[in-house]
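**Q** This is the content of model.tsv (TSV, C-alpha atoms):
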```
chain	number	residue	atom	x	y	z
L	1	MET	CA	-133.16	157.07	-12.08
L	2	LYS	CA	-135.55	155.60	-9.57
L	3	LEU	CA	-138.80	157.27	-8.48
L	4	GLN	CA	-141.90	156.34	-6.49
L	5	PHE	CA	-145.39	157.84	-6.81
L	6	GLN	CA	-148.96	157.32	-5.76
L	7	LYS	CA	-150.86	156.28	-8.90
L	8	ASN	CA	-153.47	159.07	-8.70
L	9	GLU	CA	-150.83	161.77	-8.25
L	10	LEU	CA	-148.84	160.54	-11.24
L	11	LEU	CA	-151.93	160.04	-13.44
L	12	ASN	CA	-153.15	163.56	-12.66
L	13	GLY	CA	-149.76	165.00	-13.67
L	14	ILE	CA	-149.77	163.01	-16.92
L	15	ASN	CA	-153.29	164.23	-17.72
L	16	ILE	CA	-152.24	167.86	-17.23
L	17	VAL	CA	-149.12	167.84	-19.42
L	18	SER	CA	-150.66	165.58	-22.09
L	19	LYS	CA	-152.69	168.59	-23.21
L	20	ALA	CA	-149.48	169.91	-24.79
L	21	ILE	CA	-148.64	166.71	-26.67
L	22	PRO	CA	-149.17	167.14	-30.44
L	23	ALA	CA	-151.50	164.74	-32.24
L	24	ASN	CA	-149.22	164.70	-35.29
L	25	THR	CA	-145.53	165.56	-35.44
L	26	THR	CA	-142.43	164.55	-37.38
L	27	MET	CA	-140.33	164.88	-34.18
L	28	PRO	CA	-140.73	161.72	-32.04
L	29	ILE	CA	-139.38	163.47	-28.91
L	30	LEU	CA	-142.42	165.80	-28.93
L	31	LYS	CA	-144.69	162.78	-28.49
L	32	CYS	CA	-143.02	162.22	-25.13
L	33	ILE	CA	-143.49	163.45	-21.58
L	34	LEU	CA	-140.32	164.58	-19.86
L	35	ILE	CA	-139.79	163.28	-16.33
L	36	ASP	CA	-137.23	165.53	-14.68
L	37	ALA	CA	-136.02	164.42	-11.26
L	38	SER	CA	-132.52	165.86	-11.61
L	39	ALA	CA	-133.07	168.30	-8.71
L	40	ASP	CA	-135.07	168.04	-5.46
L	41	GLU	CA	-138.53	167.77	-7.03
L	42	ILE	CA	-140.22	165.81	-9.80
L	43	ARG	CA	-141.58	167.72	-12.78
L	44	LEU	CA	-143.45	166.45	-15.82
L	45	THR	CA	-143.40	168.45	-19.06
L	46	GLY	CA	-145.22	168.30	-22.40
L	47	ASN	CA	-144.24	170.64	-25.22
L	48	ASP	CA	-145.46	170.89	-28.83
L	49	MET	CA	-143.30	173.99	-29.47
L	50	GLU	CA	-146.37	176.25	-29.51
L	51	LEU	CA	-147.84	175.25	-26.15
L	52	GLY	CA	-145.82	173.89	-23.24
L	53	ILE	CA	-147.08	172.63	-19.87
L	54	GLU	CA	-144.97	171.78	-16.82
L	55	THR	CA	-146.36	170.47	-13.53
L	56	LYS	CA	-144.87	169.36	-10.24
L	57	VAL	CA	-145.83	165.86	-9.06
L	58	GLU	CA	-145.49	164.59	-5.49
L	59	GLY	CA	-143.23	161.57	-5.27
L	60	SER	CA	-140.02	160.16	-3.79
L	61	ILE	CA	-136.69	160.52	-5.57
L	62	LEU	CA	-134.72	157.39	-4.75
L	63	GLU	CA	-132.20	158.07	-7.50
L	64	ARG	CA	-132.05	161.28	-9.54
L	65	GLY	CA	-132.35	161.38	-13.29
L	66	LYS	CA	-134.19	162.57	-16.35
L	67	LEU	CA	-135.92	160.75	-19.20
L	68	ALA	CA	-138.65	161.09	-21.83
L	69	ILE	CA	-141.44	158.51	-22.20
L	70	ASP	CA	-143.97	158.22	-25.04
L	71	ALA	CA	-146.99	160.09	-23.67
L	72	LYS	CA	-149.72	157.78	-24.96
L	73	LEU	CA	-147.94	154.63	-23.80
L	74	PHE	CA	-147.12	156.18	-20.41
L	75	TYR	CA	-150.74	157.22	-19.83
L	76	GLU	CA	-152.17	153.81	-20.77
L	77	ILE	CA	-149.71	151.94	-18.56
L	78	ILE	CA	-150.32	154.10	-15.47
L	79	ARG	CA	-154.08	154.18	-16.02
L	80	LYS	CA	-154.29	150.37	-16.03
L	81	LEU	CA	-152.10	149.73	-13.00
L	82	PRO	CA	-153.85	148.29	-9.90
L	83	GLU	CA	-156.08	150.71	-7.98
L	84	GLY	CA	-155.40	151.74	-4.39
L	85	GLU	CA	-152.64	153.26	-2.32
L	86	LEU	CA	-149.94	151.00	-3.73
L	87	PRO	CA	-146.73	152.77	-4.84
L	88	VAL	CA	-145.78	153.03	-8.51
L	89	THR	CA	-142.02	152.67	-9.03
L	90	ILE	CA	-140.25	153.88	-12.17
L	91	THR	CA	-136.66	152.75	-12.67
L	92	SER	CA	-134.37	153.54	-15.61
L	93	ASP	CA	-130.77	152.56	-16.40
L	94	SER	CA	-128.07	154.47	-18.28
L	95	ARG	CA	-129.48	153.28	-21.64
L	96	PHE	CA	-133.00	154.41	-20.66
L	97	ASN	CA	-134.36	150.87	-20.38
L	98	THR	CA	-137.27	151.65	-18.08
L	99	THR	CA	-139.43	149.51	-15.80
L	100	ILE	CA	-142.74	150.60	-14.31
L	101	GLU	CA	-143.91	148.47	-11.37
L	102	CYS	CA	-146.97	148.37	-9.15
L	103	GLU	CA	-147.74	145.37	-6.96
L	104	THR	CA	-147.53	142.32	-9.30
L	105	ALA	CA	-147.72	144.36	-12.53
L	106	MET	CA	-144.46	145.23	-14.28
L	107	PHE	CA	-143.83	146.88	-17.67
L	108	THR	CA	-140.46	147.21	-19.37
L	109	ILE	CA	-140.24	149.87	-22.09
L	110	GLN	CA	-137.62	151.89	-23.95
L	111	ALA	CA	-137.52	155.56	-23.00
L	112	GLN	CA	-135.45	158.36	-24.51
L	113	ASP	CA	-132.74	160.67	-23.24
L	114	GLY	CA	-134.40	163.59	-21.42
L	115	GLU	CA	-131.57	165.91	-22.51
L	116	GLU	CA	-132.98	165.79	-26.07
L	117	PHE	CA	-136.32	167.20	-24.90
L	118	SER	CA	-137.17	170.80	-25.79
L	119	TYR	CA	-137.46	172.87	-22.61
L	120	LEU	CA	-140.03	175.60	-22.15
L	121	PRO	CA	-138.83	179.08	-23.12
L	122	TYR	CA	-137.63	181.27	-20.28
L	123	ILE	CA	-139.89	184.21	-19.47
L	124	GLU	CA	-139.05	187.11	-17.17
L	125	ARG	CA	-141.43	187.38	-14.21
L	126	ASP	CA	-141.62	191.17	-14.08
L	127	GLN	CA	-144.69	192.05	-16.19
L	128	TYR	CA	-147.82	190.28	-15.01
L	129	ILE	CA	-151.45	190.42	-13.88
L	130	CYS	CA	-153.19	188.43	-11.15
L	131	LEU	CA	-156.76	187.09	-11.04
L	132	SER	CA	-158.64	184.17	-9.51
L	133	GLN	CA	-158.81	180.76	-11.16
L	134	PHE	CA	-162.60	181.07	-11.15
L	135	THR	CA	-162.50	184.39	-13.00
L	136	LEU	CA	-160.13	183.15	-15.72
L	137	LYS	CA	-162.02	179.88	-16.21
L	138	GLU	CA	-165.31	181.77	-16.52
L	139	ALA	CA	-163.87	184.36	-18.93
L	140	VAL	CA	-162.70	181.59	-21.24
L	141	ARG	CA	-166.01	179.71	-21.00
L	142	GLN	CA	-167.92	182.87	-21.82
L	143	THR	CA	-165.92	183.76	-24.96
L	144	ILE	CA	-164.13	180.72	-26.41
L	145	PHE	CA	-167.15	179.53	-28.41
L	146	SER	CA	-166.89	182.44	-30.84
L	147	THR	CA	-163.33	181.74	-31.95
L	148	ALA	CA	-162.76	180.12	-35.36
L	149	PRO	CA	-159.90	177.65	-34.75
L	150	ASN	CA	-160.02	176.14	-38.24
L	151	ASP	CA	-160.08	179.48	-40.03
L	152	SER	CA	-157.17	180.51	-42.22
L	153	ASN	CA	-157.12	183.82	-40.34
L	154	LYS	CA	-155.06	183.12	-37.21
L	155	MET	CA	-156.54	186.12	-35.43
L	156	MET	CA	-159.96	184.50	-35.43
L	157	GLY	CA	-158.45	181.40	-33.82
L	158	GLY	CA	-157.21	183.47	-30.88
L	159	GLU	CA	-158.58	185.73	-28.18
L	160	LEU	CA	-157.55	189.28	-27.42
L	161	LEU	CA	-156.52	189.96	-23.83
L	162	GLU	CA	-156.39	193.71	-23.31
L	163	ILE	CA	-155.39	195.27	-19.98
L	164	ARG	CA	-156.25	198.87	-19.28
L	165	ASP	CA	-155.48	199.98	-15.74
L	166	ASN	CA	-157.61	197.61	-13.61
L	167	ILE	CA	-159.80	196.18	-16.40
L	168	LEU	CA	-159.11	193.00	-18.35
L	169	LYS	CA	-161.05	192.79	-21.62
L	170	VAL	CA	-161.35	189.36	-23.27
L	171	VAL	CA	-162.51	189.38	-26.91
L	172	SER	CA	-163.17	186.69	-29.51
L	173	LEU	CA	-164.81	186.76	-32.94
L	174	ASP	CA	-165.38	184.44	-35.87
L	175	GLY	CA	-166.78	186.71	-38.58
L	176	HIS	CA	-170.43	186.16	-37.58
L	177	ARG	CA	-170.34	187.23	-33.92
L	178	ILE	CA	-168.23	188.91	-31.27
L	179	SER	CA	-167.94	188.00	-27.58
L	180	ILE	CA	-166.61	190.51	-25.07
L	181	ARG	CA	-166.11	190.18	-21.32
L	182	ASN	CA	-164.83	193.04	-19.15
L	183	ILE	CA	-163.32	191.95	-15.85
L	184	GLU	CA	-162.40	194.24	-12.98
L	185	LEU	CA	-159.03	193.32	-11.46
L	186	LYS	CA	-158.02	193.95	-7.86
L	187	ASP	CA	-154.99	196.01	-8.85
L	188	THR	CA	-153.97	198.43	-11.60
L	189	TYR	CA	-151.51	197.21	-14.21
L	190	GLU	CA	-149.54	198.48	-17.17
L	191	ASN	CA	-151.66	198.71	-20.33
L	192	ARG	CA	-151.10	195.81	-22.71
L	193	LYS	CA	-152.66	193.89	-25.62
L	194	VAL	CA	-151.85	190.29	-26.56
L	195	ILE	CA	-153.53	187.69	-28.77
L	196	VAL	CA	-153.55	184.23	-27.20
L	197	PRO	CA	-154.32	181.08	-29.24
L	198	GLY	CA	-157.76	179.71	-28.47
L	199	LYS	CA	-156.27	176.24	-27.99
L	200	THR	CA	-154.08	177.54	-25.17
L	201	LEU	CA	-157.00	179.11	-23.31
L	202	SER	CA	-159.19	176.09	-23.89
L	203	GLU	CA	-156.59	173.69	-22.46
L	204	ILE	CA	-155.89	175.96	-19.48
L	205	SER	CA	-159.59	176.13	-18.63
L	206	LYS	CA	-159.66	172.32	-18.46
L	207	ILE	CA	-156.80	172.29	-15.93
L	208	LEU	CA	-158.02	175.14	-13.71
L	209	THR	CA	-160.01	174.05	-10.65
L	210	GLY	CA	-162.18	177.16	-10.83
L	211	ASP	CA	-161.50	177.91	-7.15
L	212	ASN	CA	-162.27	181.54	-6.33
L	213	GLU	CA	-159.68	181.50	-3.53
L	214	LYS	CA	-156.79	180.37	-5.74
L	215	GLU	CA	-154.97	182.79	-8.01
L	216	VAL	CA	-153.47	182.67	-11.49
L	217	LEU	CA	-150.44	184.79	-12.32
L	218	ILE	CA	-150.16	185.72	-16.00
L	219	PHE	CA	-146.73	186.88	-17.22
L	220	PHE	CA	-145.99	188.52	-20.56
L	221	SER	CA	-143.01	188.69	-22.88
L	222	LYS	CA	-142.71	189.89	-26.47
L	223	ASN	CA	-143.60	186.54	-28.04
L	224	HIS	CA	-144.94	184.41	-25.18
L	225	ILE	CA	-147.45	184.33	-22.35
L	226	LEU	CA	-147.03	182.30	-19.16
L	227	PHE	CA	-149.80	181.16	-16.81
L	228	GLU	CA	-148.77	180.00	-13.33
L	229	PHE	CA	-151.21	178.37	-10.90
L	230	ASP	CA	-151.10	175.62	-8.28
L	231	ASN	CA	-148.02	173.53	-9.21
L	232	THR	CA	-148.39	174.10	-12.94
L	233	ILE	CA	-146.84	176.41	-15.55
L	234	VAL	CA	-148.33	176.86	-19.02
L	235	VAL	CA	-146.29	178.71	-21.67
L	236	SER	CA	-147.70	179.60	-25.08
L	237	ARG	CA	-146.61	181.50	-28.13
L	238	LEU	CA	-148.64	184.59	-28.85
L	239	ILE	CA	-150.31	185.27	-32.19
L	240	GLU	CA	-148.42	188.07	-33.90
L	241	GLY	CA	-150.14	191.02	-35.51
L	242	GLU	CA	-152.76	193.68	-34.85
L	243	TYR	CA	-156.17	192.50	-33.64
L	244	PHE	CA	-159.38	193.62	-35.34
L	245	LYS	CA	-160.56	197.12	-34.46
L	246	ILE	CA	-163.68	195.94	-32.69
L	247	ASP	CA	-164.54	199.37	-31.28
L	248	HIS	CA	-165.58	200.36	-34.81
L	249	MET	CA	-168.05	197.47	-34.82
L	250	LEU	CA	-169.73	198.40	-31.56
L	251	SER	CA	-172.52	200.94	-31.34
L	252	SER	CA	-174.73	202.30	-28.57
L	253	ASP	CA	-177.43	203.30	-31.06
L	254	TYR	CA	-180.60	201.24	-31.29
L	255	GLU	CA	-184.17	201.51	-32.53
L	256	THR	CA	-185.51	198.57	-30.51
L	257	ARG	CA	-184.65	197.29	-27.06
L	258	VAL	CA	-186.33	194.17	-25.78
L	259	LYS	CA	-185.97	192.50	-22.38
L	260	VAL	CA	-186.87	188.81	-22.03
L	261	ASN	CA	-186.57	186.05	-19.47
L	262	LYS	CA	-183.38	184.23	-20.45
L	263	LYS	CA	-184.54	180.70	-19.62
L	264	GLU	CA	-187.86	181.03	-21.45
L	265	PHE	CA	-186.13	182.56	-24.46
L	266	MET	CA	-183.45	179.84	-24.50
L	267	ASP	CA	-185.94	177.01	-24.08
L	268	ASN	CA	-187.86	178.09	-27.16
L	269	ILE	CA	-184.68	178.43	-29.25
L	270	ASP	CA	-183.65	174.98	-28.05
L	271	ARG	CA	-187.00	173.54	-29.12
L	272	ALA	CA	-186.73	175.23	-32.51
L	273	MET	CA	-183.35	173.61	-33.14
L	274	ILE	CA	-185.00	170.18	-33.10
L	275	LEU	CA	-186.25	171.01	-36.60
L	276	ILE	CA	-182.95	172.41	-37.90
L	277	ARG	CA	-179.95	170.55	-39.31
L	278	ASP	CA	-176.57	172.19	-39.96
L	279	SER	CA	-176.99	171.63	-43.69
L	280	ASP	CA	-180.37	173.43	-43.65
L	281	ARG	CA	-179.05	176.71	-42.26
L	282	LYS	CA	-182.61	177.66	-41.41
L	283	PRO	CA	-182.90	180.81	-39.27
L	284	ILE	CA	-185.10	181.52	-36.31
L	285	ILE	CA	-187.27	184.57	-37.03
L	286	LEU	CA	-188.06	186.96	-34.19
L	287	ASN	CA	-191.05	189.26	-34.62
L	288	VAL	CA	-190.99	191.85	-31.84
L	289	GLU	CA	-194.30	193.62	-31.33
L	290	ASP	CA	-195.63	195.40	-28.24
L	291	ASN	CA	-194.72	193.22	-25.25
L	292	ASN	CA	-194.26	189.98	-27.14
L	293	VAL	CA	-191.55	188.20	-29.15
L	294	ASN	CA	-192.95	185.73	-31.65
L	295	MET	CA	-190.40	183.03	-32.53
L	296	LYS	CA	-190.83	181.09	-35.74
L	297	VAL	CA	-188.91	178.33	-37.54
L	298	LYS	CA	-189.81	176.45	-40.71
L	299	SER	CA	-187.75	173.61	-42.16
L	300	SER	CA	-188.18	170.42	-44.18
L	301	PHE	CA	-188.94	168.62	-40.90
L	302	GLY	CA	-191.78	170.91	-39.88
L	303	SER	CA	-192.43	174.25	-38.24
L	304	MET	CA	-192.57	175.78	-34.76
L	305	ASN	CA	-194.26	178.91	-33.52
L	306	ALA	CA	-193.90	180.25	-29.98
L	307	ASP	CA	-194.45	183.47	-28.06
L	308	VAL	CA	-192.30	184.90	-25.28
L	309	MET	CA	-193.46	187.73	-23.07
L	310	ALA	CA	-191.14	190.73	-23.31
L	311	HIS	CA	-190.66	194.35	-22.31
L	312	LYS	CA	-190.06	196.38	-25.45
L	313	SER	CA	-189.08	199.98	-26.01
L	314	GLY	CA	-188.75	201.54	-29.46
L	315	LYS	CA	-189.94	200.24	-32.81
L	316	ASP	CA	-191.40	196.88	-33.79
L	317	ILE	CA	-188.92	194.74	-35.69
L	318	MET	CA	-188.75	191.42	-37.55
L	319	ILE	CA	-185.24	189.96	-37.61
L	320	ALA	CA	-183.67	186.52	-38.04
L	321	PHE	CA	-180.62	184.77	-36.64
L	322	ASN	CA	-178.69	181.54	-36.71
L	323	PRO	CA	-180.29	179.98	-33.60
L	324	LYS	CA	-177.05	178.34	-32.49
L	325	PHE	CA	-175.32	181.73	-32.26
L	326	LEU	CA	-178.10	183.07	-30.04
L	327	LEU	CA	-178.03	179.97	-27.85
L	328	ASP	CA	-174.22	179.99	-27.46
L	329	ALA	CA	-174.32	183.54	-26.08
L	330	LEU	CA	-177.35	183.03	-23.83
L	331	ARG	CA	-175.88	179.89	-22.24
L	332	VAL	CA	-172.91	181.77	-20.79
L	333	ILE	CA	-174.89	184.72	-19.41
L	334	ASP	CA	-175.73	184.31	-15.73
L	335	ASP	CA	-178.46	187.00	-15.57
L	336	GLU	CA	-182.09	185.98	-15.15
L	337	ASP	CA	-183.21	188.48	-17.81
L	338	VAL	CA	-181.35	189.58	-20.93
L	339	GLU	CA	-181.63	192.68	-23.09
L	340	LEU	CA	-181.33	192.69	-26.88
L	341	TYR	CA	-180.57	195.92	-28.74
L	342	MET	CA	-181.41	196.10	-32.46
L	343	MET	CA	-181.28	198.80	-35.14
L	344	ASN	CA	-182.85	197.14	-38.19
L	345	PRO	CA	-183.11	193.64	-39.76
L	346	LYS	CA	-179.70	193.99	-41.43
L	347	SER	CA	-177.69	195.46	-38.54
L	348	PRO	CA	-176.04	193.51	-35.70
L	349	CYS	CA	-177.96	192.62	-32.56
L	350	PHE	CA	-176.27	193.34	-29.22
L	351	ILE	CA	-176.93	191.33	-26.09
L	352	LYS	CA	-175.43	193.27	-23.19
L	353	ASP	CA	-175.91	194.37	-19.62
L	354	GLU	CA	-176.06	197.95	-18.38
L	355	ALA	CA	-172.81	197.60	-16.42
L	356	GLY	CA	-170.93	196.59	-19.58
L	357	THR	CA	-169.50	193.39	-18.10
L	358	TYR	CA	-170.52	191.49	-21.22
L	359	ILE	CA	-171.35	192.30	-24.83
L	360	TYR	CA	-172.36	189.74	-27.46
L	361	LEU	CA	-172.72	190.94	-31.04
L	362	ILE	CA	-174.56	188.64	-33.46
L	363	LEU	CA	-175.07	189.33	-37.16
L	364	PRO	CA	-178.59	188.71	-38.48
L	365	VAL	CA	-179.35	186.53	-41.49
L	366	ASN	CA	-181.61	186.97	-44.50
L	367	PHE	CA	-185.11	185.64	-43.94
L	368	ILE	CA	-187.14	187.03	-46.87
L	369	ASN	CA	-187.84	183.56	-48.28
L	370	GLU	CA	-188.52	182.14	-44.81
L	371	ALA	CA	-191.14	184.53	-43.48
```
For the file at hand, write its structure as structure tokens.

**A**
Amino acid sequence: MKLQFQKNELLNGINIVSKAIPANTTMPILKCILIDASADEIRLTGNDMELGIETKVEGSILERGKLAIDAKLFYEIIRKLPEGELPVTITSDSRFNTTIECETAMFTIQAQDGEEFSYLPYIERDQYICLSQFTLKEAVRQTIFSTAPNDSNKMMGGELLEIRDNILKVVSLDGHRISIRNIELKDTYENRKVIVPGKTLSEISKILTGDNEKEVLIFFSKNHILFEFDNTIVVSRLIEGEYFKIDHMLSSDYETRVKVNKKEFMDNIDRAMILIRDSDRKPIILNVEDNNVNMKVKSSFGSMNADVMAHKSGKDIMIAFNPKFLLDALRVIDDEDVELYMMNPKSPCFIKDEAGTYIYLILPVNFINEA
């Protein structure tokens, strides 16, 4: 095999597929990137058997072939080659002795037989939805923070994608909060529910350009989901099982509704967190009275007291939250003002808009000893 690339093109391809290389594995071949130039184009692939990424890289095929190179070694070599428009040449013999050359730099390494590499599972391209790269990237950004990737419950480490006619609902939860985004699609599709690992969505969002003019096609099979965009394919296993019945957790009832300026509200929460350490678990206490929200924090480092002007309807309420959970939700809301709906100090708070494009549910915390 003999191939030529521009350094930046090759490095970009390596960066994309490296997101599917496992940190720890007992199978050495999975630590490799497959270079497949056996046909008329060059494709790189990474596959950890749960998540697989394949991308097309521009280059010249001087001699066809296929081999697998250790991903970490490959990345470091290409990254440190001379800068500029100089070609990078990769040559391999029948025993997979491989040379990588650029100008005066030359590396000789031992690669592996590409035939031993695990290919991505085949997925039929008949059941799918289509949306813009921008929309998908935003939907992930606005929900991924409330997954629980280290939790023993796999469901909490994934996100629900539910399609109903022309609406895509994206849901995540971690036992303390729920994030929901409802997205209107251009077309109507067959109803479907799948649970996608949070890692998959997180890695995809890093690859997506976020271009509103470019589309992502999402294909479904019984056990897998496939994302296709630009010159890249991402295939992931789905999480099996029935997702939590979140509709039972949502309510339109409230005793207090308060509307505040998002930036002012966020800034005060941010200031309060200066005094809070993770080990403290100190809450921020909101005292809603008339047209004012008093925000109070007290910790071993000191205390903070601030007032935010608000528009309130319903009853006065004193309620407390983990400030990080409030801040996580507020950061991904684009509206200038936000509305909080509360029932009592022990019931969930809802941050949502009237159109229902987003809903954030946050459980309150006990503050009796803090007030």

**Q** At most 10 Å from (-142.4, 188.8, -18.1), file frame, all atoms listed in the file: which residues, as a list of chain:residue names?

**A**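 Output of the proximity query reads L:Tyr122, L:Ile123, L:Glu124, L:Arg125, L:Asp126, L:Gln127, L:Tyr128, L:Ile218, L:Phe219, L:Phe220, L:Ser221, L:Lys222, L:His224, L:Ile225, L:Leu226.
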
**Q** Take atom CA of Arg141 of chain L and atom CA of Asn344 of chain L and report the distance between them in Å, one decimal.

**A**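 These two atoms are separated by 29.7 Å.
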
**Q** Show which residues sit within 9 Å of Val332 of chain L, as a list in words. Count all atoms listed in the file, and ignore same-chain residues fewer than 2 positions away.

**A**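 Selected residues are Glu138, Arg141, Gln142, Thr143, Leu327, Asp328, Ala329, Leu330 and Asp334 of chain L.
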
**Q** Between L:Val260, L:Val196, L:Glu336, L:Ser146, which one has atoms that come closest to His176 of chain L, using all atoms listed in the file?

**A** L:Ser146

**Q** For Phe321 of chain L, which residue among L:Ser18, L:Ser347, L:Thr55, L:Asn366 is the nearest when counting only C-alpha atoms?

**A**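 Of L:Ser18, L:Ser347, L:Thr55, L:Asn366, the one nearest Phe321 of chain L, counting only C-alpha atoms, is L:Asn366.
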
**Q** Fewer than 4 positions away in the same chain doesn't count, so skip those; otherwise give me all residues within 8 Å of segment 203-217 of chain L, counting all atoms listed in the file, as a list in words.

**A**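 Residues near the query, excluding close chain neighbours: Ile16, Lys19, Tyr128, Ile129, Cys130, Leu131, Ser132, Gln133, Phe134, Thr135, Leu136, Lys137, Glu138, Val140, Arg141, Lys199, Phe227, Glu228, Phe229, Asp230 and Val234 of chain L.
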
**Q** Complete segment 221-233 of chain L at the level of N, CA, C and O atoms, written as an mmCIF file, in the frame of the given file.

**A**
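Done, and the output landed in rebuild.cif:
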```cif
data_model
loop_
_atom_site.group_PDB
_atom_site.id
_atom_site.type_symbol
_atom_site.label_atom_id
_atom_site.label_comp_id
_atom_site.auth_asym_id
_atom_site.auth_seq_id
_atom_site.Cartn_x
_atom_site.Cartn_y
_atom_site.Cartn_z
ATOM 1 N N SER L 221 -144.246 188.285 -22.215
ATOM 2 C CA SER L 221 -143.010 188.690 -22.880
ATOM 3 C C SER L 221 -143.387 189.089 -24.302
ATOM 4 O O SER L 221 -144.562 189.092 -24.665
ATOM 5 N N LYS L 222 -142.415 189.409 -25.117
ATOM 6 C CA LYS L 222 -142.710 189.890 -26.470
ATOM 7 C C LYS L 222 -143.459 188.840 -27.290
ATOM 8 O O LYS L 222 -144.416 189.161 -28.015
ATOM 9 N N ASN L 223 -143.042 187.592 -27.186
ATOM 10 C CA ASN L 223 -143.600 186.540 -28.040
ATOM 11 C C ASN L 223 -144.364 185.452 -27.299
ATOM 12 O O ASN L 223 -144.953 184.562 -27.937
ATOM 13 N N HIS L 224 -144.337 185.494 -25.962
ATOM 14 C CA HIS L 224 -144.940 184.410 -25.180
ATOM 15 C C HIS L 224 -145.801 184.942 -24.043
ATOM 16 O O HIS L 224 -145.670 186.084 -23.616
ATOM 17 N N ILE L 225 -146.662 184.061 -23.540
ATOM 18 C CA ILE L 225 -147.450 184.330 -22.350
ATOM 19 C C ILE L 225 -147.296 183.123 -21.432
ATOM 20 O O ILE L 225 -147.202 181.976 -21.901
ATOM 21 N N LEU L 226 -147.214 183.369 -20.135
ATOM 22 C CA LEU L 226 -147.030 182.300 -19.160
ATOM 23 C C LEU L 226 -148.126 182.380 -18.109
ATOM 24 O O LEU L 226 -148.389 183.451 -17.547
ATOM 25 N N PHE L 227 -148.789 181.259 -17.849
ATOM 26 C CA PHE L 227 -149.800 181.160 -16.810
ATOM 27 C C PHE L 227 -149.242 180.285 -15.688
ATOM 28 O O PHE L 227 -148.774 179.168 -15.949
ATOM 29 N N GLU L 228 -149.289 180.774 -14.465
ATOM 30 C CA GLU L 228 -148.770 180.000 -13.330
ATOM 31 C C GLU L 228 -149.867 179.864 -12.273
ATOM 32 O O GLU L 228 -150.437 180.853 -11.816
ATOM 33 N N PHE L 229 -150.179 178.627 -11.915
ATOM 34 C CA PHE L 229 -151.210 178.370 -10.900
ATOM 35 C C PHE L 229 -150.956 176.996 -10.288
ATOM 36 O O PHE L 229 -150.436 176.093 -10.933
ATOM 37 N N ASP L 230 -151.350 176.860 -9.025
ATOM 38 C CA ASP L 230 -151.100 175.620 -8.280
ATOM 39 C C ASP L 230 -149.643 175.206 -8.482
ATOM 40 O O ASP L 230 -148.748 175.984 -8.235
ATOM 41 N N ASN L 231 -149.400 173.994 -8.962
ATOM 42 C CA ASN L 231 -148.020 173.530 -9.210
ATOM 43 C C ASN L 231 -147.727 173.440 -10.702
ATOM 44 O O ASN L 231 -146.862 172.685 -11.124
ATOM 45 N N THR L 232 -148.456 174.244 -11.498
ATOM 46 C CA THR L 232 -148.390 174.100 -12.940
ATOM 47 C C THR L 232 -147.995 175.414 -13.623
ATOM 48 O O THR L 232 -148.394 176.493 -13.191
ATOM 49 N N ILE L 233 -147.224 175.274 -14.703
ATOM 50 C CA ILE L 233 -146.840 176.410 -15.550
ATOM 51 C C ILE L 233 -147.274 176.078 -16.983
ATOM 52 O O ILE L 233 -146.999 174.982 -17.485
#
```
